[in-house]
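Enquirer: Sharing run08.tsv, TSV, C-alpha atoms and all ligand atoms:
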```tsv
chain	number	residue	atom	x	y	z
A	668	MET	CA	-37.19	16.02	19.04
A	669	THR	CA	-33.48	16.32	18.13
A	670	GLU	CA	-31.11	13.43	18.75
A	671	ARG	CA	-27.37	13.81	18.88
A	672	ASN	CA	-25.04	10.84	18.49
A	673	ALA	CA	-21.92	10.89	20.60
A	674	VAL	CA	-18.84	11.66	18.48
A	675	PRO	CA	-15.55	10.07	19.57
A	676	LEU	CA	-14.07	13.22	21.06
A	677	PRO	CA	-11.30	11.36	22.93
A	678	LEU	CA	-9.63	10.65	19.56
A	679	GLN	CA	-8.88	14.36	19.41
A	680	ASP	CA	-6.31	13.61	22.10
A	681	VAL	CA	-4.60	11.01	19.90
A	682	THR	CA	-2.54	13.64	18.13
A	683	PRO	CA	1.16	13.71	17.31
A	684	THR	CA	3.26	15.79	19.64
A	685	SER	CA	6.06	16.06	17.10
A	686	ASP	CA	6.65	19.28	15.17
A	687	ALA	CA	7.63	17.06	12.25
A	688	LEU	CA	3.98	16.50	11.35
A	689	GLU	CA	1.56	19.16	10.12
A	690	CYS	CA	-2.10	18.15	10.15
A	691	ILE	CA	-3.69	19.46	6.94
A	692	GLU	CA	-7.12	17.81	7.17
A	693	ALA	CA	-9.18	15.93	9.78
A	694	HIS	CA	-12.63	14.30	9.73
A	695	VAL	CA	-14.60	12.06	12.06
A	696	SER	CA	-15.30	8.89	10.06
A	697	ALA	CA	-16.98	5.59	11.02
A	698	GLY	CA	-16.61	6.49	14.69
A	699	GLY	CA	-12.88	7.01	14.22
A	700	SER	CA	-10.71	9.78	12.82
A	701	TYR	CA	-9.31	10.26	9.30
A	702	ARG	CA	-6.49	12.76	9.00
A	703	ARG	CA	-3.93	13.91	6.43
A	704	TYR	CA	-0.46	15.04	7.44
A	705	ARG	CA	2.42	16.76	5.68
A	706	HIS	CA	6.04	16.13	6.67
A	707	ALA	CA	9.54	16.61	5.32
A	708	SER	CA	10.92	13.31	4.04
A	709	LYS	CA	14.66	12.73	4.32
A	710	ALA	CA	14.50	9.56	2.21
A	711	LEU	CA	12.81	11.38	-0.68
A	712	GLY	CA	14.23	14.86	-0.22
A	713	CYS	CA	10.85	16.60	-0.47
A	714	ASP	CA	7.66	17.28	1.47
A	715	MET	CA	5.21	14.36	1.49
A	716	THR	CA	1.61	13.86	2.57
A	717	PHE	CA	-0.02	10.72	3.95
A	718	GLY	CA	-3.46	9.71	5.18
A	719	ILE	CA	-4.17	7.87	8.41
A	720	PHE	CA	-7.39	6.40	9.81
A	721	LEU	CA	-7.49	5.87	13.57
A	722	PRO	CA	-10.21	3.51	14.84
A	723	PRO	CA	-12.03	4.32	18.10
A	724	GLN	CA	-9.94	1.64	19.89
A	725	ALA	CA	-6.86	3.88	19.41
A	726	VAL	CA	-8.09	6.08	22.26
A	727	ASP	CA	-6.76	3.66	24.85
A	728	ALA	CA	-5.01	0.77	23.06
A	729	LEU	CA	-2.18	0.11	20.67
A	730	CYS	CA	-3.69	-0.89	17.32
A	731	PRO	CA	-2.06	-2.77	14.42
A	732	VAL	CA	-1.39	-0.91	11.17
A	733	VAL	CA	-2.55	-2.10	7.77
A	734	TRP	CA	-0.59	-0.25	5.10
A	735	TRP	CA	-2.31	0.60	1.82
A	736	LEU	CA	-0.25	1.35	-1.31
A	737	SER	CA	-2.14	3.03	-4.15
A	738	GLY	CA	-1.74	2.76	-7.90
A	739	LEU	CA	-0.58	4.92	-10.80
A	740	THR	CA	-1.88	8.51	-10.83
A	741	CYS	CA	-3.09	8.29	-7.20
A	742	THR	CA	-2.20	10.43	-4.21
A	743	ASP	CA	-2.69	9.49	-0.55
A	744	GLU	CA	-6.36	10.49	-0.91
A	745	ASN	CA	-7.90	8.08	-3.47
A	746	PHE	CA	-8.07	5.07	-1.16
A	747	MET	CA	-9.24	6.96	1.90
A	748	GLN	CA	-12.04	8.67	-0.03
A	749	LYS	CA	-13.17	5.89	-2.38
A	750	ALA	CA	-12.52	2.45	-0.87
A	751	GLY	CA	-15.04	2.56	1.99
A	752	ALA	CA	-12.50	0.95	4.32
A	753	HIS	CA	-13.10	2.95	7.49
A	754	ARG	CA	-16.16	1.10	8.83
A	755	VAL	CA	-14.51	-2.35	8.96
A	756	ALA	CA	-11.21	-0.87	10.15
A	757	ALA	CA	-13.16	0.73	13.00
A	758	GLU	CA	-14.92	-2.54	13.74
A	759	ARG	CA	-11.66	-4.55	13.82
A	760	GLY	CA	-9.53	-1.92	15.57
A	761	ILE	CA	-7.15	-1.37	12.65
A	762	ILE	CA	-5.14	1.76	11.87
A	763	LEU	CA	-4.93	2.39	8.11
A	764	VAL	CA	-2.00	4.32	6.66
A	765	CYS	CA	-1.84	5.40	3.03
A	766	PRO	CA	1.32	7.08	1.70
A	767	ASP	CA	1.49	9.10	-1.50
A	768	THR	CA	2.62	7.20	-4.60
A	769	SER	CA	5.81	9.14	-5.40
A	770	PRO	CA	7.92	12.10	-4.41
A	771	ARG	CA	6.39	15.42	-5.52
A	772	ASP	CA	7.73	18.67	-6.91
A	773	THR	CA	11.30	17.42	-7.16
A	774	GLY	CA	11.97	19.38	-10.33
A	775	ILE	CA	12.75	16.23	-12.32
A	776	GLU	CA	9.21	15.28	-13.28
A	777	SER	CA	7.85	16.68	-16.50
A	778	ASP	CA	4.34	17.25	-17.87
A	779	ASP	CA	5.36	14.90	-20.68
A	780	ASP	CA	6.10	11.97	-18.35
A	781	PRO	CA	4.11	8.89	-19.33
A	782	LEU	CA	1.59	7.35	-16.92
A	783	TYR	CA	4.17	4.89	-15.56
A	784	LEU	CA	6.98	7.37	-14.76
A	785	GLY	CA	7.57	10.31	-12.44
A	786	ALA	CA	4.92	11.93	-10.22
A	787	GLY	CA	2.26	9.42	-9.18
A	788	ALA	CA	4.38	6.50	-10.40
A	789	GLY	CA	7.07	5.83	-7.81
A	790	PHE	CA	6.68	2.03	-8.10
A	791	TYR	CA	7.69	1.68	-4.40
A	792	LEU	CA	11.32	1.07	-5.39
A	793	ASN	CA	14.69	2.71	-4.80
A	794	ALA	CA	15.79	4.16	-8.14
A	795	THR	CA	19.43	3.85	-9.08
A	796	GLN	CA	19.41	5.75	-12.38
A	797	ALA	CA	19.67	9.45	-13.20
A	798	PRO	CA	17.74	11.65	-12.92
A	799	TRP	CA	15.53	9.68	-10.52
A	800	GLN	CA	17.92	8.23	-7.94
A	801	ALA	CA	18.16	11.24	-5.62
A	802	HIS	CA	14.44	11.41	-4.84
A	803	TYR	CA	12.73	8.22	-6.04
A	804	ARG	CA	13.41	6.03	-3.00
A	805	MET	CA	9.88	4.90	-2.23
A	806	PHE	CA	10.92	1.44	-0.94
A	807	ASP	CA	12.93	3.05	1.86
A	808	TYR	CA	10.17	5.58	2.46
A	809	VAL	CA	7.30	3.10	2.88
A	810	THR	CA	9.27	0.41	4.73
A	811	GLU	CA	11.55	2.53	6.95
A	812	GLU	CA	11.03	6.28	7.21
A	813	LEU	CA	7.24	6.48	7.30
A	814	PRO	CA	6.74	3.47	9.63
A	815	GLU	CA	9.19	5.06	12.08
A	816	LEU	CA	7.35	8.39	11.91
A	817	ILE	CA	4.03	6.61	12.51
A	818	ARG	CA	5.50	4.63	15.43
A	819	GLN	CA	6.77	7.80	17.07
A	820	ASN	CA	3.50	9.68	16.77
A	821	PHE	CA	0.54	7.28	16.94
A	822	PRO	CA	-0.58	4.42	19.24
A	823	VAL	CA	0.57	1.58	17.00
A	824	ALA	CA	1.15	-2.06	17.92
A	825	LYS	CA	4.13	-3.91	16.50
A	826	ARG	CA	1.85	-6.02	14.30
A	827	CYS	CA	1.34	-4.74	10.78
A	828	SER	CA	0.39	-5.96	7.34
A	829	ILE	CA	0.26	-4.55	3.83
A	830	MET	CA	-2.07	-4.33	0.84
A	831	GLY	CA	-2.48	-2.30	-2.32
A	832	HIS	CA	-3.96	-1.83	-5.77
A	833	SER	CA	-2.30	-2.27	-9.17
A	834	MET	CA	1.14	-0.58	-8.90
A	835	GLY	CA	0.41	-0.53	-5.15
A	836	GLY	CA	-0.51	-4.23	-5.24
A	837	LEU	CA	2.93	-4.81	-6.75
A	838	GLY	CA	4.42	-2.69	-3.95
A	839	ALA	CA	2.55	-4.68	-1.30
A	840	LEU	CA	3.74	-8.01	-2.73
A	841	VAL	CA	7.34	-6.78	-2.99
A	842	CYS	CA	7.48	-5.26	0.51
A	843	GLY	CA	5.69	-8.25	2.05
A	844	LEU	CA	7.81	-10.89	0.30
A	845	ARG	CA	11.10	-9.06	0.96
A	846	LEU	CA	10.36	-8.31	4.62
A	847	ARG	CA	8.71	-11.55	5.68
A	848	ASP	CA	9.41	-11.02	9.37
A	849	ARG	CA	7.72	-7.59	9.28
A	850	TYR	CA	4.26	-8.15	7.83
A	851	CYS	CA	1.66	-10.64	9.09
A	852	ALA	CA	-0.38	-10.70	5.87
A	853	ILE	CA	-0.36	-9.43	2.28
A	854	SER	CA	-3.23	-8.70	-0.04
A	855	ALA	CA	-3.66	-7.04	-3.40
A	856	PHE	CA	-6.30	-5.88	-5.83
A	857	ALA	CA	-5.32	-6.38	-9.48
A	858	PRO	CA	-1.57	-6.16	-8.78
A	859	MET	CA	1.09	-5.73	-11.45
A	860	ALA	CA	2.12	-9.24	-10.58
A	861	HIS	CA	4.91	-9.82	-13.13
A	862	PRO	CA	6.35	-6.36	-13.92
A	863	SER	CA	9.50	-7.69	-15.61
A	864	SER	CA	7.39	-9.08	-18.43
A	865	ALA	CA	4.77	-6.34	-18.79
A	866	PRO	CA	5.11	-3.06	-20.74
A	867	TRP	CA	4.51	-0.60	-17.85
A	868	GLY	CA	6.76	-2.56	-15.49
A	869	GLN	CA	9.53	-2.94	-18.06
A	870	ALA	CA	9.45	0.74	-19.01
A	871	ALA	CA	9.46	1.94	-15.39
A	872	PHE	CA	12.15	-0.51	-14.26
A	873	SER	CA	14.37	0.41	-17.23
A	874	ALA	CA	14.14	4.09	-16.34
A	875	TYR	CA	14.48	3.72	-12.57
A	876	LEU	CA	16.79	0.68	-12.30
A	877	GLY	CA	18.59	0.41	-15.66
A	878	ASN	CA	18.04	-1.65	-18.79
A	879	ASP	CA	19.53	-4.90	-17.51
A	880	PRO	CA	16.62	-7.13	-16.32
A	881	THR	CA	18.85	-8.79	-13.72
A	882	LEU	CA	18.69	-5.45	-11.86
A	883	TRP	CA	14.90	-5.82	-11.53
A	884	LEU	CA	14.78	-9.11	-9.60
A	885	ASP	CA	14.31	-7.50	-6.16
A	886	TYR	CA	11.11	-5.86	-7.36
A	887	ASP	CA	9.41	-8.74	-9.15
A	888	PRO	CA	6.95	-10.82	-7.08
A	889	CYS	CA	7.29	-13.79	-9.46
A	890	VAL	CA	10.99	-13.92	-8.57
A	891	LEU	CA	10.67	-13.04	-4.87
A	892	VAL	CA	8.11	-15.75	-4.20
A	893	GLN	CA	10.62	-18.37	-5.37
A	894	GLU	CA	13.09	-17.49	-2.62
A	895	GLU	CA	13.64	-20.40	-0.33
A	896	LEU	CA	11.61	-20.30	2.85
A	897	SER	CA	10.35	-22.59	5.54
A	898	PRO	CA	6.56	-23.11	5.58
A	899	ALA	CA	6.44	-21.11	8.82
A	900	ASP	CA	7.75	-18.03	6.96
A	901	ALA	CA	4.99	-18.03	4.35
A	902	ILE	CA	2.81	-14.96	4.82
A	903	PRO	CA	-0.77	-15.52	3.64
A	904	ILE	CA	-1.46	-13.74	0.33
A	905	LEU	CA	-4.95	-12.87	-0.92
A	906	ILE	CA	-5.37	-11.44	-4.43
A	907	ASP	CA	-8.62	-10.31	-6.04
A	908	GLN	CA	-8.60	-9.73	-9.79
A	909	GLY	CA	-11.54	-8.51	-11.90
A	910	ASP	CA	-11.98	-10.59	-15.04
A	911	ALA	CA	-13.21	-7.51	-16.97
A	912	ASP	CA	-10.07	-5.53	-16.05
A	913	PRO	CA	-8.72	-4.01	-19.30
A	914	TYR	CA	-5.14	-4.30	-18.01
A	915	LEU	CA	-5.34	-7.95	-16.92
A	916	ASP	CA	-3.58	-9.76	-19.77
A	917	GLU	CA	-1.02	-7.17	-20.88
A	918	GLN	CA	-0.01	-5.38	-17.66
A	919	LEU	CA	-1.05	-7.41	-14.60
A	920	CYS	CA	-0.31	-11.08	-15.44
A	921	ALA	CA	-2.04	-12.70	-12.45
A	922	GLU	CA	-1.60	-16.14	-14.01
A	923	ASP	CA	2.20	-15.77	-14.05
A	924	PHE	CA	2.16	-15.10	-10.30
A	925	ARG	CA	-0.19	-18.02	-9.70
A	926	ASP	CA	2.22	-20.29	-11.63
A	927	ALA	CA	5.23	-18.94	-9.70
A	928	CYS	CA	3.45	-19.59	-6.37
A	929	LEU	CA	2.48	-23.09	-7.50
A	930	SER	CA	6.05	-23.95	-8.49
A	931	ALA	CA	7.41	-22.51	-5.21
A	932	ASN	CA	4.66	-24.22	-3.19
A	933	TYR	CA	3.75	-20.80	-1.76
A	934	PRO	CA	0.20	-20.45	-0.34
A	935	LEU	CA	-1.83	-18.05	-2.51
A	936	THR	CA	-5.55	-17.32	-2.67
A	937	LEU	CA	-6.23	-15.82	-6.11
A	938	ARG	CA	-9.86	-15.01	-6.83
A	939	TYR	CA	-11.20	-13.87	-10.19
A	940	GLN	CA	-14.23	-11.67	-9.70
A	941	ALA	CA	-16.65	-11.85	-12.65
A	942	GLY	CA	-17.45	-8.57	-14.39
A	943	TYR	CA	-15.24	-6.30	-12.26
A	944	ASP	CA	-12.86	-3.80	-13.87
A	945	HIS	CA	-9.77	-1.99	-12.53
A	946	SER	CA	-11.53	0.84	-10.71
A	947	TYR	CA	-12.12	1.71	-7.07
A	948	PHE	CA	-15.66	0.30	-7.50
A	949	PHE	CA	-13.90	-3.08	-7.62
A	950	VAL	CA	-11.71	-2.23	-4.60
A	951	ALA	CA	-14.70	-0.99	-2.60
A	952	SER	CA	-16.63	-4.17	-3.40
A	953	PHE	CA	-14.09	-6.45	-1.72
A	954	ILE	CA	-12.22	-4.24	0.75
A	955	GLU	CA	-14.11	-5.65	3.73
A	956	GLU	CA	-12.94	-9.19	2.96
A	957	HIS	CA	-9.35	-7.97	2.61
A	958	LEU	CA	-9.51	-6.17	5.94
A	959	HIS	CA	-10.85	-9.31	7.62
A	960	HIS	CA	-7.98	-11.28	6.00
A	961	HIS	CA	-5.53	-8.83	7.60
A	962	ALA	CA	-7.31	-8.53	10.95
A	963	ASP	CA	-7.47	-12.31	11.33
A	964	ALA	CA	-3.72	-12.66	10.65
A	965	LEU	CA	-2.86	-9.71	12.89
A	966	SER	CA	-4.91	-11.07	15.78
A	967	LYS	CA	-2.64	-14.14	15.91
A	968	GLU	CA	0.50	-12.09	16.53
A	969	ASP	CA	2.19	-10.79	19.66
A	970	ASP	CA	1.51	-7.13	20.42
A	971	THR	CA	4.73	-5.70	21.81
A	972	PHE	CA	7.71	-4.02	20.16
B	1001	LIG	N1	-7.81	6.33	-16.26
B	1001	LIG	C1	-6.83	6.35	-15.22
B	1001	LIG	C2	-5.69	5.46	-15.61
B	1001	LIG	C3	-4.83	5.17	-14.44
B	1001	LIG	C4	-5.51	4.26	-13.46
B	1001	LIG	O1	-6.37	3.44	-13.77
B	1001	LIG	N2	-5.06	4.38	-12.24
B	1001	LIG	C5	-5.55	3.51	-11.23
B	1001	LIG	C6	-4.41	2.67	-10.75
B	1001	LIG	S1	-3.68	1.84	-12.16
B	1001	LIG	C7	-2.32	1.02	-11.61
B	1001	LIG	O2	-1.47	1.34	-10.89
B	1001	LIG	C8	-6.16	4.31	-10.12
B	1001	LIG	O3	-6.24	3.85	-9.00
B	1001	LIG	N3	-6.64	5.53	-10.46
B	1001	LIG	C9	-7.17	6.47	-9.50
B	1001	LIG	C10	-8.63	6.31	-9.17
B	1001	LIG	O4	-9.08	6.98	-8.21
B	1001	LIG	O5	-9.35	5.54	-9.84
B	1001	LIG	C11	-6.33	7.75	-14.98
B	1001	LIG	O6	-5.86	8.38	-15.91
B	1001	LIG	O7	-6.38	8.18	-13.81
```
Can I see the file as structure tokens?
Ligand SMILES: N[C@@H](CCC(=O)N[C@@H](CSC=O)C(=O)NCC(=O)O)C(=O)O

Expert:
Amino acid sequence: MTERNAVPLPLQDVTPTSDALECIEAHVSAGGSYRRYRHASKALGCDMTFGIFLPPQAVDALCPVVWWLSGLTCTDENFMQKAGAHRVAAERGIILVCPDTSPRDTGIESDDDPLYLGAGAGFYLNATQAPWQAHYRMFDYVTEELPELIRQNFPVAKRCSIMGHSMGGLGALVCGLRLRDRYCAISAFAPMAHPSSAPWGQAAFSAYLGNDPTLWLDYDPCVLVQEELSPADAIPILIDQGDADPYLDEQLCAEDFRDACLSANYPLTLRYQAGYDHSYFFVASFIEEHLHHHADALSKEDDTF
């Protein structure tokens, strides 16, 4: 005898009405819907793609968004395909949005660009230096333009939070700490936690922001966490870091961020996970706990815009 499980057909109705979005891929996943869209970005001056997961609850309710920012060399697809996040997001009624990691096809990237510069390495900042400054405005893109596009086209609640991996963990810490009234929670996997003192961070910041380190302060979590705040403004931060991560000591500097949080009296949960490296196997192993961290914080917040 053949059995057929009911697929969540009503989610097919949760589609953007705007011509600004072109759906380039769609799959039923974990009882929800994973899609990729292309759109023209004004902030970046190029076409961009992003991935979105809609949980089944999005059929008839506004759902909070958890933003995911990916690391060097990634596109919008790595997290959605490798992290195994859809099942818990479906369970907790969370919309996941994953932007690309940089502008694309701007004509200024080169095949010779190092890992930490150009395509796939936008560092979620607004570049001020030539030749990058016209297109490399990822901070504006992920905190302003894309959230507005998502708000206009999907059933999103006001509540949102942010997480990421490596360069994207840095982005999540920077966005979350700079916009403390926007995000309910922050989490990161192996973030570049002290970019001003690490080779990739220093090289990227020099190229995008200029050689003077005082120009980098707005993008360094160790600096941002020191900014004065009342205890009520402290957003909970969860960081997981593999202790077998080859980048830990030279590029990521989790201990520097722990020390900065301690000296600022900022609440941080930093967990070292024995034997884990820098890969998506590590992310997939702990993504459920991160999603619960976000869902718990989001469930405490008011739901209206
Ligand atoms: N061997 C990798 C090196 C780059 C890498 O490890 N990228 C990470 C993020 S690192 C920090 O921002 C990553 O997420 N890669 C994509 C993946 O799916 O694993 C390479 O050359 O890709």

Enquirer: Check the smallest atom-to-atom distance from each of A:Ala697, A:Leu678, A:Leu784, A:Cys889 to Val755 of chain A using all atoms listed in the file, then report the winner.

Expert: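 Nearest candidate to Val755 of chain A out of A:Ala697, A:Leu678, A:Leu784, A:Cys889: A:Ala697.
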
Enquirer: Box in all listed atoms of segment 847-862 of chain A, axis-aligned, with 5 Å more on each side; write out centre and edge lengths in Å to one decimal as AutoDock Vina command-line options.

Expert:
```
--center_x 1.6 --center_y -8.6 --center_z -2.3 --size_x 25.7 --size_y 15.8 --size_z 33.3
```

Enquirer: Could you pull the residues within 8 Å of Lys749 of chain A, counting all atoms listed in the file, minus those fewer than 6 positions along the same chain, as an mmCIF file with C-alpha atoms, in the coordinates of the input?

Expert:
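part_15.cif written:
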```cif
data_model
loop_
_atom_site.group_PDB
_atom_site.id
_atom_site.type_symbol
_atom_site.label_atom_id
_atom_site.label_comp_id
_atom_site.auth_asym_id
_atom_site.auth_seq_id
_atom_site.Cartn_x
_atom_site.Cartn_y
_atom_site.Cartn_z
ATOM 1 C CA TYR A 947 -12.120 1.710 -7.070
ATOM 2 C CA PHE A 948 -15.660 0.300 -7.500
ATOM 3 C CA ALA A 951 -14.700 -0.990 -2.600
#
```

Enquirer: As an exercise, work out the distance from atom CA of Ser696 of chain A to atom CA of Arg754 of chain A in Å and give it to one decimal place.

Expert: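 So the two atoms, atom CA of Ser696 of chain A and atom CA of Arg754 of chain A, lie 7.9 Å apart.
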
Enquirer: Neighbours of ligand LIG 1001 (chain B) at 6 Å or closer, counting all atoms listed in the file: which residues, as a count of residues only?

Expert: 9

Enquirer: Here's a test: counting only C-alpha atoms, identify every protein, DNA and RNA residue with an atom at most 10 Å from (9.7, -1.3, -14.6) in the file's coordinate frame, and state them as a PyMOL selection string.

Expert: chain A and resi 783-784+790+792+861-878+880+883+886-887

Enquirer: How would segment 888-903 of chain A read, as a short mmCIF file (atom, residue, chain, number, x, y, z; two decimals), keeping the file's coordinate frame, once N, CA and C atoms are built in?

Expert:
```cif
data_model
loop_
_atom_site.label_atom_id
_atom_site.label_comp_id
_atom_site.auth_asym_id
_atom_site.auth_seq_id
_atom_site.Cartn_x
_atom_site.Cartn_y
_atom_site.Cartn_z
N PRO A 888 7.54 -9.81 -7.96
CA PRO A 888 6.95 -10.82 -7.08
C PRO A 888 7.13 -12.25 -7.59
N CYS A 889 7.14 -12.43 -8.92
CA CYS A 889 7.29 -13.79 -9.46
C CYS A 889 8.67 -14.36 -9.14
N VAL A 890 9.65 -13.49 -8.96
CA VAL A 890 10.99 -13.92 -8.57
C VAL A 890 11.05 -14.07 -7.05
N LEU A 891 10.56 -13.06 -6.34
CA LEU A 891 10.67 -13.04 -4.87
C LEU A 891 9.98 -14.23 -4.23
N VAL A 892 8.86 -14.67 -4.83
CA VAL A 892 8.11 -15.75 -4.20
C VAL A 892 8.86 -17.08 -4.30
N GLN A 893 9.86 -17.12 -5.20
CA GLN A 893 10.62 -18.37 -5.37
C GLN A 893 11.71 -18.51 -4.31
N GLU A 894 11.99 -17.41 -3.58
CA GLU A 894 13.09 -17.49 -2.62
C GLU A 894 12.78 -18.52 -1.56
N GLU A 895 13.82 -19.27 -1.24
CA GLU A 895 13.64 -20.40 -0.33
C GLU A 895 13.09 -19.92 1.02
N LEU A 896 12.13 -20.66 1.53
CA LEU A 896 11.61 -20.30 2.85
C LEU A 896 11.08 -21.55 3.51
N SER A 897 11.00 -21.48 4.83
CA SER A 897 10.35 -22.59 5.54
C SER A 897 8.86 -22.30 5.53
N PRO A 898 8.01 -23.34 5.62
CA PRO A 898 6.56 -23.11 5.58
C PRO A 898 6.13 -22.10 6.63
N ALA A 899 6.83 -22.04 7.76
CA ALA A 899 6.44 -21.11 8.82
C ALA A 899 6.64 -19.65 8.41
N ASP A 900 7.49 -19.40 7.40
CA ASP A 900 7.75 -18.03 6.96
C ASP A 900 6.79 -17.55 5.87
N ALA A 901 5.90 -18.41 5.44
CA ALA A 901 4.99 -18.03 4.35
C ALA A 901 3.89 -17.14 4.90
N ILE A 902 3.84 -15.92 4.39
CA ILE A 902 2.81 -14.96 4.82
C ILE A 902 1.59 -15.19 3.92
N PRO A 903 0.39 -15.28 4.50
CA PRO A 903 -0.77 -15.52 3.64
C PRO A 903 -1.01 -14.38 2.65
#
```
